[in-house]
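Source file: upload-v1.cif; contents: mmCIF, C-alpha atoms.
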data_protein
#
loop_
_atom_site.group_PDB
_atom_site.id
_atom_site.type_symbol
_atom_site.label_atom_id
_atom_site.label_comp_id
_atom_site.auth_asym_id
_atom_site.auth_seq_id
_atom_site.Cartn_x
_atom_site.Cartn_y
_atom_site.Cartn_z
ATOM 1 C CA MET A 178 -25.095 4.271 -7.335
ATOM 2 C CA LEU A 179 -26.566 2.485 -4.333
ATOM 3 C CA PRO A 180 -29.718 0.493 -5.129
ATOM 4 C CA ALA A 181 -31.644 2.348 -2.402
ATOM 5 C CA LEU A 182 -30.848 5.695 -4.089
ATOM 6 C CA ARG A 183 -31.433 4.437 -7.603
ATOM 7 C CA ASP A 184 -34.892 3.124 -6.688
ATOM 8 C CA ALA A 185 -36.102 6.140 -4.698
ATOM 9 C CA GLY A 186 -39.600 5.584 -3.423
ATOM 10 C CA GLN A 187 -39.104 1.816 -3.255
ATOM 11 C CA PRO A 188 -38.843 0.018 0.100
ATOM 12 C CA PRO A 189 -35.243 -0.405 1.300
ATOM 13 C CA LEU A 190 -33.466 -3.627 0.476
ATOM 14 C CA THR A 191 -33.412 -6.358 3.096
ATOM 15 C CA LYS A 192 -30.111 -7.652 4.460
ATOM 16 C CA GLU A 193 -30.441 -10.769 2.297
ATOM 17 C CA GLU A 194 -31.056 -8.666 -0.830
ATOM 18 C CA LEU A 195 -28.005 -6.521 -0.072
ATOM 19 C CA VAL A 196 -25.795 -9.600 0.207
ATOM 20 C CA THR A 197 -26.963 -10.962 -3.153
ATOM 21 C CA THR A 198 -26.914 -7.635 -5.038
ATOM 22 C CA ARG A 199 -23.582 -6.291 -3.799
ATOM 23 C CA PRO A 200 -20.330 -8.261 -4.010
ATOM 24 C CA GLU A 201 -18.230 -8.324 -0.864
ATOM 25 C CA THR A 202 -15.342 -5.883 -0.966
ATOM 26 C CA THR A 203 -12.199 -6.276 1.085
ATOM 27 C CA LEU A 204 -10.784 -2.900 2.025
ATOM 28 C CA ALA A 205 -7.702 -4.312 3.710
ATOM 29 C CA PRO A 206 -6.439 -7.512 2.092
ATOM 30 C CA ASN A 207 -4.454 -9.985 4.124
ATOM 31 C CA PHE A 208 -0.834 -9.692 3.113
ATOM 32 C CA ASP A 209 1.762 -12.240 4.186
ATOM 33 C CA PRO A 210 3.687 -11.270 7.336
ATOM 34 C CA PRO A 211 7.126 -9.759 6.644
ATOM 35 C CA SER A 212 8.941 -12.328 8.813
ATOM 36 C CA ASP A 213 11.252 -13.608 6.059
ATOM 37 C CA VAL A 214 12.554 -10.201 4.916
ATOM 38 C CA GLN A 215 16.302 -9.906 5.482
ATOM 39 C CA PRO A 216 18.126 -6.689 6.485
ATOM 40 C CA GLY A 217 18.682 -4.547 3.401
ATOM 41 C CA GLU A 218 15.739 -6.114 1.514
ATOM 42 C CA VAL A 219 12.234 -4.994 0.526
ATOM 43 C CA ARG A 220 9.209 -7.236 0.166
ATOM 44 C CA GLU A 221 6.536 -6.173 -2.351
ATOM 45 C CA GLN A 222 2.989 -7.537 -2.312
ATOM 46 C CA ARG A 223 -0.028 -6.498 -4.387
ATOM 47 C CA ALA A 224 -3.803 -6.799 -4.148
ATOM 48 C CA PHE A 225 -6.658 -5.591 -6.341
ATOM 49 C CA MET A 226 -8.259 -2.330 -5.184
ATOM 50 C CA GLU A 227 -10.906 -0.985 -7.517
ATOM 51 C CA GLY A 228 -10.769 2.708 -8.286
ATOM 52 C CA ALA A 229 -7.421 3.552 -6.695
ATOM 53 C CA SER A 230 -3.704 2.974 -6.774
ATOM 54 C CA LEU A 231 -2.457 2.924 -3.205
ATOM 55 C CA LEU A 232 1.064 2.479 -1.869
ATOM 56 C CA MET A 233 1.517 1.288 1.714
ATOM 57 C CA VAL A 234 5.059 1.431 3.096
ATOM 58 C CA ASP A 235 6.303 0.039 6.395
ATOM 59 C CA SER A 236 9.747 -0.658 7.746
ATOM 60 C CA GLU A 237 11.731 -2.240 10.527
ATOM 61 C CA PRO A 238 12.501 -0.166 12.446
ATOM 62 C CA SER A 239 9.479 2.048 11.861
ATOM 63 C CA GLY A 240 9.868 5.806 11.566
ATOM 64 C CA ALA A 241 11.977 5.711 8.394
ATOM 65 C CA SER A 242 11.624 8.692 6.059
ATOM 66 C CA VAL A 243 9.898 7.766 2.800
ATOM 67 C CA SER A 244 10.372 9.452 -0.572
ATOM 68 C CA VAL A 245 8.448 8.437 -3.694
ATOM 69 C CA ASN A 246 10.067 9.441 -6.990
ATOM 70 C CA GLY A 247 12.267 11.902 -5.096
ATOM 71 C CA ARG A 248 9.387 13.579 -3.212
ATOM 72 C CA ALA A 249 9.293 13.348 0.603
ATOM 73 C CA GLU A 250 6.012 11.720 1.696
ATOM 74 C CA GLY A 251 6.421 11.169 5.454
ATOM 75 C CA THR A 252 7.588 8.371 7.739
ATOM 76 C CA THR A 253 6.691 4.705 8.061
ATOM 77 C CA PRO A 254 4.116 3.348 8.444
ATOM 78 C CA LEU A 255 2.704 5.357 5.530
ATOM 79 C CA SER A 256 -0.057 5.112 2.915
ATOM 80 C CA VAL A 257 -0.140 7.343 -0.172
ATOM 81 C CA SER A 258 -2.294 7.434 -3.298
ATOM 82 C CA LEU A 259 -0.453 7.135 -6.578
ATOM 83 C CA ASP A 260 -1.396 8.957 -9.762
ATOM 84 C CA CYS A 261 0.296 6.678 -12.195
ATOM 85 C CA VAL A 262 0.542 5.492 -15.733
ATOM 86 C CA THR A 263 0.378 1.703 -15.909
ATOM 87 C CA ASP A 264 3.858 0.152 -15.776
ATOM 88 C CA ALA A 265 5.557 3.499 -15.083
ATOM 89 C CA PRO A 266 8.445 3.043 -12.647
ATOM 90 C CA VAL A 267 7.913 4.255 -9.078
ATOM 91 C CA THR A 268 11.042 4.562 -6.933
ATOM 92 C CA VAL A 269 10.596 4.375 -3.165
ATOM 93 C CA LYS A 270 13.496 5.271 -0.867
ATOM 94 C CA LEU A 271 13.653 4.623 2.887
ATOM 95 C CA THR A 272 16.161 6.460 5.070
ATOM 96 C CA ARG A 273 16.776 6.599 8.802
ATOM 97 C CA ARG A 274 19.714 7.850 10.850
ATOM 98 C CA GLY A 275 22.051 5.007 11.770
ATOM 99 C CA TYR A 276 20.840 2.780 8.894
ATOM 100 C CA SER A 277 21.844 2.343 5.280
ATOM 101 C CA PRO A 278 19.351 3.815 2.778
ATOM 102 C CA LEU A 279 17.073 1.308 1.099
ATOM 103 C CA GLU A 280 15.641 1.844 -2.387
ATOM 104 C CA HIS A 281 13.034 -0.159 -4.325
ATOM 105 C CA THR A 282 11.554 0.423 -7.780
ATOM 106 C CA LEU A 283 8.164 -1.010 -8.686
ATOM 107 C CA SER A 284 5.859 -0.799 -11.712
ATOM 108 C CA CYS A 285 2.784 1.314 -11.083
ATOM 109 C CA ARG A 286 -0.544 -0.488 -11.549
ATOM 110 C CA GLN A 287 -4.046 0.955 -11.764
ATOM 111 C CA ASP A 288 -6.635 -0.445 -9.296
ATOM 112 C CA THR A 289 -3.909 -1.929 -7.114
ATOM 113 C CA MET A 290 -2.840 -1.711 -3.495
ATOM 114 C CA THR A 291 0.909 -2.258 -3.236
ATOM 115 C CA GLN A 292 2.474 -2.989 0.128
ATOM 116 C CA LEU A 293 6.203 -2.551 0.650
ATOM 117 C CA PHE A 294 8.022 -3.691 3.764
ATOM 118 C CA GLY A 295 11.695 -2.811 4.087
ATOM 119 C CA LYS A 296 14.058 -4.094 6.739
ATOM 120 C CA LEU A 297 16.754 -1.477 7.193
ATOM 121 C CA ARG A 298 20.351 -2.549 7.751
ATOM 122 C CA LYS A 299 22.413 -0.842 10.459
ATOM 123 C CA GLY A 300 25.162 1.184 8.901
ATOM 124 C CA LYS A 301 26.263 4.649 7.908
ATOM 125 C CA SER A 302 23.628 7.149 6.884
ATOM 126 C CA SER A 303 23.350 10.846 6.272
ATOM 127 C CA ALA A 304 19.596 10.810 6.972
ATOM 128 C CA LYS A 305 18.234 13.211 9.567
ATOM 129 C CA PRO A 306 16.316 11.775 12.543
#
Starting from the coordinates I provided, produce the structure as structure tokens.
Amino acid sequence: MLPALRDAGQPPLTKEELVTTRPETTLAPNFDPPSDVQPGEVREQRAFMEGASLLMVDSEPSGASVSVNGRAEGTTPLSVSLDCVTDAPVTVKLTRRGYSPLEHTLSCRQDTMTQLFGKLRKGKSSAKP
């Protein structure tokens, strides 16, 4: 509960009081750039995110179809919330016409933002555009 709501009837907190009473929260952590990912590989990075398990998926080229545990979720770039049991496997598959499919399995973590970046390799594919 926000201090201003908890202490109804009290004067609002000053900017200095807000800074000292509320820790700074980063909503979008700085992940390393995906420059060293090779074709056919996936890079996984994690950051703490209180209260949610979020999966962010991007690819080169973008526009790849994404499925999570066999369920179609959309195309890259994509962010989805995960309802997970800690350490349960989560399988992410990227497909795009003209490229080989790319699959990565990660362990689900509570209160974690997981970023995946996959660099698709040109090759045969049965994926639809």
Atomic distance CA of Thr291 in chain A - CA of Met233 in chain A, expressed in Å with one decimal: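 Here the two named atoms are 6.1 Å from each other.
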Within 7 Å of range 282-285 of chain A using all atoms listed in the file, minus same-chain residues under 5 positions, as a list in words: Cys261, Val262, Thr263, Asp264, Ala265, Pro266, Val267, Thr268 and Val269 of chain A
Picked residues, the PyMOL selection byres ((chain A and resi 236) around 6), expected as a PyMOL selection string: chain A and resi 235+237-239+294-296
Best match for closeness to Glu280 in chain A among A:Gly217, A:Gly228, A:Gly240, A:Pro254, counting all atoms listed in the file: A:Gly217
CA of Thr289 in chain A to CA of Ser256 in chain A, distance in Å rounded to a single decimal: 12.8 Å
Coordinates-based distance that separates CA of Glu250 in chain A from CA of Arg274 in chain A (Å, one decimal):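 CA of Arg274 in chain A sits 16.9 Å away from CA of Glu250 in chain A.
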Output of the PyMOL selection byres ((chain A and resi 243) around 10), listed as number ranges by chain: A: 234-236, 240-242, 244-255, 269-273, 279-280
Kindly list the centre and edge lengths in Å, rounded to one decimal, for the axis-aligned box that covers all listed atoms of range 231-250 of chain A plus 5 Å on each of its six sides, as AutoDock Vina command-line options.
--center_x 5.0 --center_y 5.7 --center_z 2.7 --size_x 25.0 --size_y 25.8 --size_z 29.4
Of the listed residues A:Asp213, A:His281, A:Arg286, A:Ala229, that which approaches Ser258 in chain A most closely, counting only C-alpha atoms: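 Looking at the shortest contact to Ser258 in chain A, the residue is A:Ala229.
Ranking A:Met290, A:Leu232, A:Leu259, A:Arg298 by their shortest atom-to-atom distance to Gly275 in chain A, with all atoms listed in the file included, puts A:Arg298 first.
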Among listed residues A:Gln287, A:Ser277, A:Asp260, A:Gly300, nearest Arg223 in chain A (using all atoms listed in the file):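 That would be A:Gln287, the residue with the smallest distance to Arg223 in chain A.
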